[in-house]
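File shown here: final.txt, holding compact mmCIF, C-alpha atoms.
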```txt
# COMPACT_ATOMS: atom_id res chain seq x y z
CA MET A 1 0.00 0.00 0.00
CA THR A 2 2.83 2.34 0.88
CA ASP A 3 4.51 1.77 -2.48
CA ALA A 4 1.27 2.29 -4.39
CA LEU A 5 0.55 5.48 -2.49
CA TRP A 6 4.07 6.77 -3.12
CA TYR A 7 3.88 6.01 -6.84
CA ASN A 8 0.45 7.62 -7.07
CA LYS A 9 1.72 10.80 -5.48
CA GLN A 10 4.50 11.12 -8.06
CA ARG A 11 2.16 12.19 -10.84
CA VAL A 12 4.08 15.35 -11.69
CA LYS A 13 6.54 14.59 -14.45
CA LEU A 14 10.21 14.28 -13.58
CA GLY A 15 11.38 17.36 -15.40
CA VAL A 16 8.92 19.77 -13.80
CA LYS A 17 9.32 18.22 -10.37
CA VAL A 18 13.12 18.29 -10.25
CA LEU A 19 13.44 21.82 -11.58
CA PHE A 20 10.71 23.06 -9.27
CA ILE A 21 12.32 21.55 -6.19
CA LEU A 22 15.80 22.72 -7.06
CA ASN A 23 14.57 26.20 -7.98
CA ALA A 24 12.52 26.45 -4.82
CA LEU A 25 15.53 25.57 -2.72
CA GLN A 26 17.71 27.89 -4.81
CA ILE A 27 20.47 25.37 -4.78
CA ILE A 28 20.46 24.60 -8.48
CA GLN A 29 23.86 24.76 -10.05
CA ASP A 30 24.40 25.36 -13.72
CA SER A 31 26.12 22.00 -14.10
CA ILE A 32 23.20 19.95 -12.77
CA GLU A 33 20.67 21.85 -14.88
CA ASP A 34 22.93 21.35 -17.89
CA ILE A 35 23.29 17.64 -17.11
CA PHE A 36 19.53 17.37 -16.79
CA LYS A 37 18.89 19.10 -20.12
CA LYS A 38 21.55 17.23 -22.02
CA TYR A 39 21.49 13.72 -20.60
CA LEU A 40 17.94 13.11 -19.43
CA PRO A 41 16.93 11.06 -22.51
CA MET A 42 19.99 8.83 -22.14
CA MET A 43 19.45 8.43 -18.40
CA ARG A 44 15.82 7.49 -18.92
CA SER A 45 16.59 5.01 -21.66
CA LEU A 46 19.42 3.44 -19.66
CA ALA A 47 17.23 3.08 -16.56
CA LEU A 48 14.42 1.64 -18.68
CA SER A 49 16.77 -0.93 -20.24
CA ILE A 50 17.40 -2.25 -16.72
CA LEU A 51 14.05 -1.77 -15.01
CA LYS A 52 11.62 -2.29 -17.94
CA ASP A 53 9.17 0.00 -16.13
CA HIS A 54 8.61 3.69 -16.87
CA HIS A 55 7.67 4.64 -13.31
CA LEU A 56 10.64 2.89 -11.73
CA SER A 57 12.93 4.34 -14.41
CA GLU A 58 11.87 7.84 -13.49
CA ASP A 59 12.59 7.08 -9.85
CA ALA A 60 16.06 5.86 -10.79
CA VAL A 61 16.77 8.96 -12.86
CA GLN A 62 15.58 11.19 -10.05
CA GLU A 63 17.86 9.42 -7.56
CA ALA A 64 20.76 9.69 -10.00
CA LEU A 65 20.26 13.43 -10.40
CA VAL A 66 20.24 13.91 -6.64
CA LYS A 67 23.47 11.92 -6.41
CA LEU A 68 25.07 13.87 -9.27
CA HIS A 69 24.18 17.08 -7.49
CA ARG A 70 25.85 15.76 -4.36
CA TYR A 71 28.96 14.81 -6.34
CA SER A 72 28.97 17.94 -8.48
CA ASN A 73 32.71 18.29 -7.88
CA LYS A 74 33.15 15.16 -10.01
CA THR A 75 31.08 16.34 -12.96
CA GLY A 76 33.13 19.38 -14.00
CA ASN A 77 32.96 19.81 -17.77
CA ILE A 78 29.74 18.03 -18.70
CA ASN A 79 30.79 17.66 -22.29
CA ALA A 80 33.93 15.70 -21.40
CA ASN A 81 33.76 11.99 -22.15
CA ASP A 82 34.86 10.91 -18.68
CA THR A 83 32.04 13.01 -17.19
CA LYS A 84 29.59 11.33 -19.55
CA ILE A 85 30.83 7.95 -18.31
CA PHE A 86 30.37 9.07 -14.70
CA ILE A 87 26.76 10.14 -15.36
CA TYR A 88 26.18 6.81 -17.11
CA ILE A 89 27.60 4.82 -14.17
CA VAL A 90 25.63 6.74 -11.52
CA THR A 91 22.36 6.27 -13.45
CA ARG A 92 23.07 2.60 -14.09
CA ASN A 93 23.88 1.91 -10.45
CA GLU A 94 20.74 3.67 -9.18
CA ALA A 95 18.61 1.63 -11.58
CA ILE A 96 20.30 -1.59 -10.43
CA ASN A 97 19.70 -0.64 -6.78
CA ILE A 98 16.00 -0.18 -7.46
CA LYS A 99 15.92 -3.47 -9.37
CA ARG A 100 17.55 -5.23 -6.41
CA GLN A 101 14.96 -3.79 -4.04
CA GLU A 102 12.09 -4.80 -6.31
CA ASP A 103 13.47 -8.31 -6.79
CA ARG A 104 14.08 -8.70 -3.07
CA ARG A 105 10.46 -7.74 -2.49
CA ASN A 106 9.31 -10.26 -5.07
CA SER A 107 11.65 -13.09 -4.06
CA PHE A 108 9.51 -13.81 -1.03
CA GLU A 109 6.85 -14.95 -3.44
CA THR A 110 8.80 -16.31 -6.39
CA ASP A 111 12.14 -17.53 -4.95
CA VAL A 112 13.84 -15.80 -7.86
CA PRO A 113 16.87 -13.93 -6.49
CA PHE A 114 18.40 -10.85 -8.06
CA SER A 115 20.92 -11.79 -10.72
CA GLU A 116 23.54 -9.31 -11.92
CA ASP A 117 24.16 -11.50 -14.97
CA PHE A 118 20.55 -11.11 -16.08
CA VAL A 119 20.64 -7.35 -15.54
CA SER A 120 24.06 -7.02 -17.25
CA SER A 121 22.76 -8.63 -20.40
CA THR A 122 20.08 -5.96 -20.82
CA ILE A 123 21.97 -2.76 -19.92
CA GLY A 124 22.19 -0.19 -22.71
CA GLY A 125 25.62 1.00 -23.87
CA GLN A 126 27.56 -2.16 -23.18
CA LEU A 127 30.21 -3.54 -25.50
CA ASN A 128 29.22 -6.61 -27.50
CA VAL A 129 31.95 -8.90 -26.18
CA GLU A 130 31.47 -11.67 -28.75
CA GLN A 131 31.81 -9.23 -31.61
CA PHE A 132 34.81 -7.54 -29.99
CA SER A 133 36.54 -10.89 -29.38
CA GLU A 134 35.94 -11.92 -32.96
CA GLU A 135 37.39 -8.67 -34.30
CA CYS A 136 40.49 -9.06 -32.10
CA SER A 137 40.73 -12.80 -32.83
CA PHE A 138 40.53 -13.80 -29.17
CA GLY A 139 39.83 -17.41 -28.31
CA PRO A 140 36.62 -18.55 -26.63
CA GLU A 141 38.27 -18.75 -23.17
CA ILE A 142 39.28 -15.08 -23.33
CA SER A 143 35.89 -14.07 -24.71
CA ASP A 144 34.20 -15.97 -21.89
CA PHE A 145 36.45 -14.28 -19.30
CA LEU A 146 35.70 -10.80 -20.66
CA ASN A 147 31.98 -11.56 -20.73
CA LYS A 148 32.04 -12.52 -17.07
CA LEU A 149 33.77 -9.34 -15.86
CA SER A 150 31.61 -7.56 -13.31
CA LEU A 151 30.21 -4.08 -13.96
CA VAL A 152 32.65 -2.58 -11.45
CA ASP A 153 35.61 -4.26 -13.20
CA LYS A 154 34.40 -2.85 -16.51
CA ASP A 155 34.11 0.62 -14.97
CA ILE A 156 37.68 0.37 -13.67
CA LEU A 157 39.04 -0.80 -17.03
CA THR A 158 37.15 1.95 -18.85
CA TYR A 159 38.58 4.72 -16.66
CA LYS A 160 42.07 3.26 -16.64
CA TYR A 161 42.47 2.52 -20.32
CA SER A 162 40.11 4.99 -21.99
CA TYR A 163 41.00 8.02 -19.87
CA GLY A 164 44.31 7.14 -18.23
CA TYR A 165 43.02 7.47 -14.67
CA SER A 166 45.29 6.32 -11.85
CA PHE A 167 43.96 3.80 -9.33
CA LYS A 168 43.57 6.64 -6.82
CA GLU A 169 41.58 8.73 -9.28
CA ILE A 170 39.38 5.76 -10.18
CA ALA A 171 38.80 5.07 -6.48
CA ASP A 172 37.82 8.72 -5.83
CA THR A 173 35.46 8.74 -8.81
CA LEU A 174 33.75 5.46 -8.01
CA GLY A 175 33.67 5.96 -4.26
CA MET A 176 35.93 2.98 -3.57
CA LYS A 177 39.19 2.48 -1.70
CA ARG A 178 42.33 2.70 -3.76
CA ASP A 179 43.46 -0.76 -2.63
CA ALA A 180 40.14 -2.28 -3.67
CA VAL A 181 40.49 -0.82 -7.17
CA TYR A 182 44.08 -2.02 -7.45
CA LYS A 183 43.19 -5.55 -6.23
CA ARG A 184 40.27 -5.86 -8.66
CA HIS A 185 42.50 -4.85 -11.56
CA LYS A 186 45.28 -7.20 -10.45
CA ARG A 187 42.84 -10.06 -10.00
CA ALA A 188 41.52 -9.58 -13.53
CA LEU A 189 45.05 -9.36 -14.89
CA ASP A 190 46.25 -12.50 -13.05
CA LYS A 191 43.20 -14.50 -14.05
CA LEU A 192 43.59 -13.54 -17.69
CA LYS A 193 47.30 -14.35 -17.52
CA VAL A 194 46.50 -17.92 -16.38
CA ILE A 195 43.94 -18.32 -19.18
CA ILE A 196 46.49 -17.20 -21.77
CA GLU A 197 49.15 -19.57 -20.39
CA GLU A 198 46.74 -22.51 -20.43
CA ALA A 199 45.65 -21.65 -23.97
CA ASN A 200 49.28 -21.48 -25.11
CA GLU A 201 50.03 -24.89 -23.55
CA LYS A 202 47.25 -26.44 -25.58
CA MET B 1 56.22 -12.50 -18.51
CA ARG B 2 54.95 -12.65 -22.05
CA SER B 3 51.53 -13.80 -20.88
CA LYS B 4 51.35 -10.89 -18.44
CA LYS B 5 52.12 -8.46 -21.22
CA GLU B 6 49.53 -10.11 -23.44
CA ALA B 7 46.94 -9.98 -20.62
CA LYS B 8 47.59 -6.30 -20.12
CA ARG B 9 47.25 -5.67 -23.85
CA ILE B 10 43.89 -7.45 -23.91
CA LEU B 11 42.55 -5.58 -20.89
CA LYS B 12 43.70 -2.30 -22.41
CA ALA B 13 41.92 -3.06 -25.70
CA PHE B 14 38.79 -4.12 -23.81
CA GLY B 15 38.80 -1.02 -21.57
CA ARG B 16 39.06 1.25 -24.60
CA ALA B 17 36.37 -0.61 -26.52
CA GLU B 18 34.01 -0.58 -23.54
CA GLY B 19 34.58 3.16 -23.08
CA LYS B 20 33.92 3.77 -26.77
CA ALA B 21 30.69 1.73 -26.70
CA ARG B 22 29.40 3.71 -23.74
CA ILE B 23 30.23 7.08 -25.31
CA GLU B 24 28.53 6.07 -28.56
CA TYR B 25 25.44 5.09 -26.61
CA ILE B 26 25.43 8.34 -24.60
CA ASP B 27 26.05 10.52 -27.66
CA SER B 28 23.16 8.91 -29.54
CA PHE B 29 20.78 10.71 -27.15
CA LEU B 30 22.28 14.18 -27.35
CA PRO B 31 19.90 17.17 -27.24
CA GLU B 32 20.00 18.02 -30.96
CA LYS B 33 17.89 14.91 -31.51
CA THR B 34 15.50 15.34 -28.60
CA SER B 35 13.66 18.18 -26.96
CA TYR B 36 14.23 19.17 -23.34
CA ILE B 37 12.73 21.50 -20.80
CA GLY B 38 14.19 24.94 -20.42
CA SER B 39 13.52 26.96 -17.32
CA ILE B 40 9.81 27.12 -16.65
CA ASN B 41 7.92 30.30 -15.88
CA TYR B 42 5.00 29.00 -13.87
CA ARG B 43 3.09 32.26 -13.78
CA HIS B 44 3.15 32.46 -17.55
CA ILE B 45 2.03 28.87 -17.87
CA LEU B 46 -0.79 29.29 -15.38
CA ARG B 47 -2.07 32.36 -17.18
CA ARG B 48 -2.02 30.54 -20.51
CA ALA B 49 -3.57 27.48 -18.93
CA ALA B 50 -6.42 29.54 -17.49
CA ILE B 51 -7.26 30.97 -20.94
CA VAL B 52 -7.07 27.51 -22.48
CA VAL B 53 -9.28 26.08 -19.73
CA VAL B 54 -12.02 28.66 -20.34
CA LEU B 55 -11.98 28.11 -24.09
CA MET B 56 -11.83 24.35 -23.82
CA VAL B 57 -14.63 24.16 -21.24
CA MET B 58 -16.87 25.94 -23.72
CA ILE B 59 -15.89 23.63 -26.55
CA MET B 60 -16.03 20.50 -24.41
CA ALA B 61 -19.47 21.45 -23.11
CA LEU B 62 -20.71 21.57 -26.70
CA ALA B 63 -18.97 18.32 -27.55
CA ALA B 64 -20.21 16.64 -24.38
CA SER B 65 -23.80 17.49 -25.11
CA ALA B 66 -23.44 16.01 -28.58
CA TYR B 67 -21.55 12.87 -27.56
CA ALA B 68 -22.51 12.15 -23.98
CA ALA B 69 -25.31 9.80 -24.91
CA VAL B 70 -23.17 7.50 -27.08
CA LEU B 71 -19.50 8.02 -26.29
CA HIS B 72 -17.32 7.61 -23.21
CA TYR B 73 -14.99 10.48 -23.86
CA LEU B 74 -11.95 11.75 -22.00
CA ASN B 75 -13.38 14.69 -20.07
CA TYR B 76 -9.99 16.31 -19.71
CA ILE B 77 -8.12 19.27 -21.10
CA LYS B 78 -4.78 18.32 -22.50
CA ILE B 79 -1.84 20.71 -22.37
CA GLU B 80 1.16 19.65 -24.39
CA HIS B 81 4.50 20.41 -22.78
CA LYS B 82 7.87 19.69 -24.30
CA ASP B 83 8.24 16.27 -22.75
CA ASN B 84 4.83 15.47 -21.32
CA ASP B 85 1.13 15.94 -21.90
CA GLU B 86 -0.68 17.31 -18.89
CA TYR B 87 -4.31 16.21 -18.46
CA ILE B 88 -6.50 18.51 -16.37
CA SER B 89 -9.91 17.18 -15.37
CA VAL B 90 -12.79 19.41 -16.43
CA ASP B 91 -14.89 18.24 -13.49
CA GLY B 92 -11.91 18.52 -11.19
CA THR B 93 -11.50 22.21 -11.97
CA SER B 94 -15.22 22.94 -11.67
CA GLY B 95 -15.51 21.66 -8.11
CA LYS B 96 -17.43 18.48 -8.83
CA ASP B 97 -15.32 16.36 -6.48
CA ASP B 98 -18.35 15.12 -4.52
CA ASP B 99 -19.76 13.44 -7.64
CA TYR B 100 -16.67 11.22 -7.65
CA SER B 101 -16.88 9.98 -4.09
CA ASP B 102 -17.79 6.46 -5.14
CA ILE B 103 -16.35 5.30 -8.45
CA THR B 104 -16.46 1.87 -10.05
CA PHE B 105 -13.17 0.04 -10.61
CA LEU B 106 -13.04 -2.03 -13.78
CA GLU B 107 -11.16 -5.30 -13.34
CA PRO B 108 -8.86 -6.26 -16.25
CA THR B 109 -10.04 -9.50 -17.86
CA TYR B 110 -7.42 -9.85 -20.61
CA ILE B 111 -3.74 -10.11 -19.79
CA PRO B 112 -1.19 -10.97 -22.53
CA ASP B 113 0.48 -14.39 -22.53
CA GLY B 114 3.49 -14.67 -20.28
CA TYR B 115 2.38 -11.98 -17.85
CA THR B 116 1.46 -12.70 -14.23
CA LEU B 117 -0.03 -10.52 -11.55
CA LYS B 118 2.72 -9.06 -9.37
CA SER B 119 0.56 -6.93 -7.08
CA GLU B 120 -2.89 -5.47 -6.73
CA SER B 121 -3.34 -2.47 -4.46
CA TYR B 122 -6.24 -0.31 -3.42
CA ASP B 123 -6.20 3.02 -1.62
CA GLU B 124 -9.53 3.70 0.02
CA VAL B 125 -8.72 7.30 0.90
CA PHE B 126 -7.67 8.38 -2.59
CA GLN B 127 -9.88 5.82 -4.38
CA GLU B 128 -7.02 4.49 -6.44
CA LYS B 129 -6.54 0.97 -7.66
CA ILE B 130 -3.42 -0.40 -9.34
CA TRP B 131 -2.77 -3.74 -10.95
CA ARG B 132 0.89 -4.50 -11.66
CA TYR B 133 1.79 -7.39 -13.96
CA VAL B 134 5.22 -8.66 -14.96
CA SER B 135 6.36 -10.85 -17.85
CA LYS B 136 8.90 -13.66 -17.69
CA ASN B 137 11.48 -11.21 -19.04
CA GLY B 138 10.74 -8.73 -16.28
CA GLU B 139 8.72 -6.34 -18.45
CA ALA B 140 6.06 -4.42 -16.61
CA LEU B 141 2.39 -3.87 -17.41
CA ASN B 142 0.67 -1.42 -15.06
CA ILE B 143 -3.05 -0.62 -15.02
CA LEU B 144 -3.99 2.34 -12.83
CA GLU B 145 -7.52 3.55 -12.10
CA TYR B 146 -8.49 6.80 -10.39
CA PRO B 147 -11.51 9.05 -10.02
CA ALA B 148 -11.68 11.13 -13.20
CA ILE B 149 -10.99 14.35 -11.32
CA VAL B 150 -7.31 13.53 -10.86
CA GLY B 151 -4.79 15.36 -13.02
CA VAL B 152 -2.16 13.22 -14.72
CA HIS B 153 0.89 13.61 -16.93
CA MET B 154 1.80 11.32 -19.81
CA ASP B 155 5.30 11.13 -21.22
CA ASN B 156 5.20 12.34 -24.83
CA GLU B 157 8.90 12.36 -25.62
CA GLY B 158 9.60 10.23 -28.66
CA ALA B 159 5.95 9.17 -28.73
CA THR B 160 3.47 9.01 -31.58
CA ARG B 161 0.09 10.01 -30.22
CA SER B 162 -3.24 8.84 -31.63
CA THR B 163 -6.84 8.97 -30.50
CA GLU B 164 -9.06 5.97 -31.13
CA ILE B 165 -12.54 4.88 -30.29
CA ILE B 166 -12.78 1.39 -28.83
CA ARG B 167 -16.24 0.14 -27.92
CA ASP B 168 -17.60 3.70 -27.83
CA THR B 169 -14.78 4.80 -25.54
CA GLU B 170 -12.23 7.42 -26.47
CA ILE B 171 -8.64 6.39 -25.79
CA VAL B 172 -5.47 8.39 -26.35
CA LEU B 173 -2.65 6.01 -27.26
CA TYR B 174 1.03 6.79 -26.89
CA ASN B 175 3.36 4.70 -29.04
CA TYR B 176 6.94 4.79 -27.76
CA PRO B 177 9.92 3.02 -29.33
CA ASP B 178 9.87 0.56 -26.41
CA GLY B 179 6.20 0.24 -25.51
CA THR B 180 2.81 1.89 -25.40
CA ALA B 181 0.65 3.75 -22.93
CA GLY B 182 -3.01 4.68 -22.99
CA VAL B 183 -5.37 7.08 -21.23
CA LEU B 184 -9.14 6.62 -21.22
CA GLN B 185 -12.15 7.48 -19.13
CA TYR B 186 -15.13 5.22 -18.56
CA ASP B 187 -17.92 7.00 -16.70
CA LYS B 188 -16.22 8.40 -13.60
CA THR B 189 -13.13 6.22 -13.77
CA LEU B 190 -9.87 7.38 -15.32
CA ILE B 191 -7.77 4.47 -16.56
CA ILE B 192 -4.06 4.63 -17.40
CA ILE B 193 -2.20 1.70 -18.91
CA ASN B 194 1.63 1.60 -19.16
CA SER B 195 3.43 -1.27 -20.85
CA CYS B 196 6.27 -2.54 -23.01
CA LEU B 197 3.67 -4.07 -25.37
CA ASP B 198 2.61 -3.02 -28.86
CA ALA B 199 -0.57 -1.13 -29.77
CA GLU B 200 -2.51 -4.26 -30.73
CA GLU B 201 -1.99 -5.87 -27.32
CA MET B 202 -2.85 -2.54 -25.68
CA LYS B 203 -6.18 -2.49 -27.50
CA LYS B 204 -6.95 -6.04 -26.37
CA ILE B 205 -6.25 -5.02 -22.78
CA VAL B 206 -8.60 -2.05 -23.16
CA LEU B 207 -11.31 -4.33 -24.57
CA GLY B 208 -10.83 -6.56 -21.55
CA ILE B 209 -11.46 -3.62 -19.20
CA ILE B 210 -14.37 -1.79 -20.82
CA PRO B 211 -17.77 -3.44 -20.25
CA GLU B 212 -19.58 -4.70 -23.34
```

Would you write the structure of this file as structure tokens?
Amino acid sequence: MTDALWYNKQRVKLGVKVLFILNALQIIQDSIEDIFKKYLPMMRSLALSILKDHHLSEDAVQEALVKLHRYSNKTGNINANDTKIFIYIVTRNEAINIKRQEDRRNSFETDVPFSEDFVSSTIGGQLNVEQFSEECSFGPEISDFLNKLSLVDKDILTYKYSYGYSFKEIADTLGMKRDAVYKRHKRALDKLKVIIEEANEK
Amino acid sequence: MRSKKEAKRILKAFGRAEGKARIEYIDSFLPEKTSYIGSINYRHILRRAAIVVVLMVMIMALAASAYAAVLHYLNYIKIEHKDNDEYISVDGTSGKDDDYSDITFLEPTYIPDGYTLKSESYDEVFQEKIWRYVSKNGEALNILEYPAIVGVHMDNEGATRSTEIIRDTEIVLYNYPDGTAGVLQYDKTLIIINSCLDAEEMKKIVLGIIPE
């Protein structure tokens, strides 16, 4: 009942509601308004690709905008590619959080737990690993390994190799500890090294 | 040593390709292809809305007298904003709330294959009833019913809008790239349907709600 009542009260569309609240509080910053104007369609579509529900998607986008406002020191130039990636990651993670909550609510009835693999396969903007492996002539073991990388690992690899971020910078951006970022990267590297060695022995 | 170098090379190529895929996805939505809200002057909008309301009430009154006997029409004024259509109830703005103190909820009788009921909720205070269905793939179908004095907003971004008559009931259909939505009024009940389905399935759902 509480959920239904909450959803029913959110009849005002996202754009009007967010701008109204931020204007009323006079805390709107140019960067958040610019992010909202420029990236709202992408954020909505990304959230919808995960949640498959317009109402929940709007909730996710709203949460993401609040978070982006909180981390406005990380958004800087909103036209920069690394900022775009940050907005993408924040939106994606908020949508996944909502999906987890929904699935947890439903699992009491259906025994179907939340699965990151299922969500990962539907998220917009992801690299087609099979196609990429084929283009680079990687074997099936490497393709399988890359396919199984977690979303956080992919975020780390994107920042490190697309934008040259250090482990410390990646940790600050993603809200992780530097050691955790380093260990995840090393673990991926070591695992892939073993796969390559085994493939070469064959 | 060689395998470590090779592993690093692969991760580097993957990181770059993943970054490129994300940027391509993000850039495909950039503002030159879609509309967005600028800053909103509420006073200006309210003034315009008031003029529109007066004009539309006059027109709707004429239309209602002509159609009331045979057609269940959407007794709302629609204001098109850049990314949403706002529906304002004619009866809601003319203080007829008491007439809507006891509405009839119409139970859905047709649900597409593969969908199951996830939840059914009823709010006695606000007289709101919601049926939520989910498919095996996790796609949602939501049917919401309210007294037809409630104002609502429908997402119109990227949507093709059409008005149809189904079993003497007017329905405004929104066709999105990834689903459809519909708004209709039957007597005193406003019905909103949101889904990832196509228009044909939407119409079958509507036929399963409206009495014969």

Write out as a ChimeraX atom specification each polymer residue whose atoms come within 8 Å of Asn194 (chain B), counting only C-alpha atoms; drop sequence neighbours fewer than 3 positions from it. /A:54 /B:140-143,179-182

Selection as a PyMOL selection string: residues within 9 Å of (-1.3, 6.0, -15.4), counting only C-alpha atoms: (chain A and resi 8+11) or (chain B and resi 142-146+152-154+181-183+190-194)

What does the distance between CA of Ala199 (chain B) and CA of Ile111 (chain B) come to in Å, to one decimal place?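 It comes out at 13.8 Å.
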
What's the separation between CA of Ser72 (chain A) and CA of Asn84 (chain B), in Å to one decimal place?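 The value is 27.5 Å.
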
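The nearest approach to chain B among the residues A:Phe145, A:Tyr71, A:Phe167, A:Tyr88, with all atoms listed in the file taken into account, belongs to A:Tyr88.
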
May I ask for the distance between CA of Cys136 (chain A) and CA of Ile50 (chain A), given in Å to one decimal place?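 Between CA of Cys136 (chain A) and CA of Ile50 (chain A) the gap is 28.6 Å.
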
How close does each residue of chain B get to chain A, giving the shortest atom pair and distance in Å to one decimal for every residue with an atom at most 7 Å away, counting all atoms listed in the file, sorted by chain and residue number, as JSON lines?
```
{"residue": "B:Ser3", "atom": "CA", "partner": "A:Lys193", "partner_atom": "CA", "distance": 5.4}
{"residue": "B:Lys4", "atom": "CA", "partner": "A:Lys193", "partner_atom": "CA", "distance": 5.4}
{"residue": "B:Ala7", "atom": "CA", "partner": "A:Lys193", "partner_atom": "CA", "distance": 5.4}
{"residue": "B:Lys8", "atom": "CA", "partner": "A:Leu189", "partner_atom": "CA", "distance": 6.6}
{"residue": "B:Lys12", "atom": "CA", "partner": "A:Tyr161", "partner_atom": "CA", "distance": 5.4}
{"residue": "B:Gly15", "atom": "CA", "partner": "A:Thr158", "partner_atom": "CA", "distance": 4.4}
{"residue": "B:Arg16", "atom": "CA", "partner": "A:Ser162", "partner_atom": "CA", "distance": 4.7}
{"residue": "B:Ala17", "atom": "CA", "partner": "A:Leu127", "partner_atom": "CA", "distance": 6.9}
{"residue": "B:Glu18", "atom": "CA", "partner": "A:Leu127", "partner_atom": "CA", "distance": 5.2}
{"residue": "B:Gly19", "atom": "CA", "partner": "A:Thr158", "partner_atom": "CA", "distance": 5.1}
{"residue": "B:Ala21", "atom": "CA", "partner": "A:Leu127", "partner_atom": "CA", "distance": 5.4}
{"residue": "B:Arg22", "atom": "CA", "partner": "A:Gly125", "partner_atom": "CA", "distance": 4.7}
{"residue": "B:Ile23", "atom": "CA", "partner": "A:Asn81", "partner_atom": "CA", "distance": 6.8}
{"residue": "B:Tyr25", "atom": "CA", "partner": "A:Gly125", "partner_atom": "CA", "distance": 4.9}
{"residue": "B:Ile26", "atom": "CA", "partner": "A:Met42", "partner_atom": "CA", "distance": 6.0}
{"residue": "B:Phe29", "atom": "CA", "partner": "A:Met42", "partner_atom": "CA", "distance": 5.4}
{"residue": "B:Leu30", "atom": "CA", "partner": "A:Lys38", "partner_atom": "CA", "distance": 6.2}
{"residue": "B:Pro31", "atom": "CA", "partner": "A:Lys38", "partner_atom": "CA", "distance": 5.5}
{"residue": "B:Tyr36", "atom": "CA", "partner": "A:Lys37", "partner_atom": "CA", "distance": 5.7}
{"residue": "B:Ile37", "atom": "CA", "partner": "A:Lys37", "partner_atom": "CA", "distance": 6.6}
{"residue": "B:Ser121", "atom": "CA", "partner": "A:Met1", "partner_atom": "CA", "distance": 6.1}
{"residue": "B:Gly138", "atom": "CA", "partner": "A:Lys52", "partner_atom": "CA", "distance": 6.7}
{"residue": "B:Glu139", "atom": "CA", "partner": "A:Lys52", "partner_atom": "CA", "distance": 5.0}
{"residue": "B:Ala140", "atom": "CA", "partner": "A:Asp53", "partner_atom": "CA", "distance": 5.4}
{"residue": "B:Val152", "atom": "CA", "partner": "A:Arg11", "partner_atom": "CA", "distance": 5.9}
{"residue": "B:His153", "atom": "CA", "partner": "A:Lys13", "partner_atom": "CA", "distance": 6.2}
```

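The residue that comes closest to Thr122 (chain A), out of A:Ile96, A:Ala171, A:Ile78, A:Val181 and on the basis of all atoms listed in the file, is A:Ile96.
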
Taking all atoms of region 78-92 of chain A that the file lists and extending 5 Å past them on each side, where is the centre of the axis-aligned box and how long are its edges? Answer in Å to one decimal, as AutoDock Vina command-line options.
```
--center_x 28.6 --center_y 10.3 --center_z -16.9 --size_x 22.5 --size_y 25.4 --size_z 20.8
```

Which polymer residues have any atom within 12 Å of an atom of Leu207 (chain B), counting only C-alpha atoms, with same-chain residues fewer than 3 positions away left out, as a ChimeraX atom specification? /B:106-111,165-171,184,186,200-204,210-212

I need every residue sitting at most 6 Å from the point (-6.2, 16.8, -17.2) (coordinates as in the file, all atoms listed in the file considered), written as a PyMOL selection string. chain B and resi 76-78+86-89+151-152

Counting only C-alpha atoms, which of B:Asp113, B:Glu157, B:Glu24, B:Asp187 gets nearest to Val134 (chain B)?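 Among the listed residues, B:Asp113 lies closest to Val134 (chain B).
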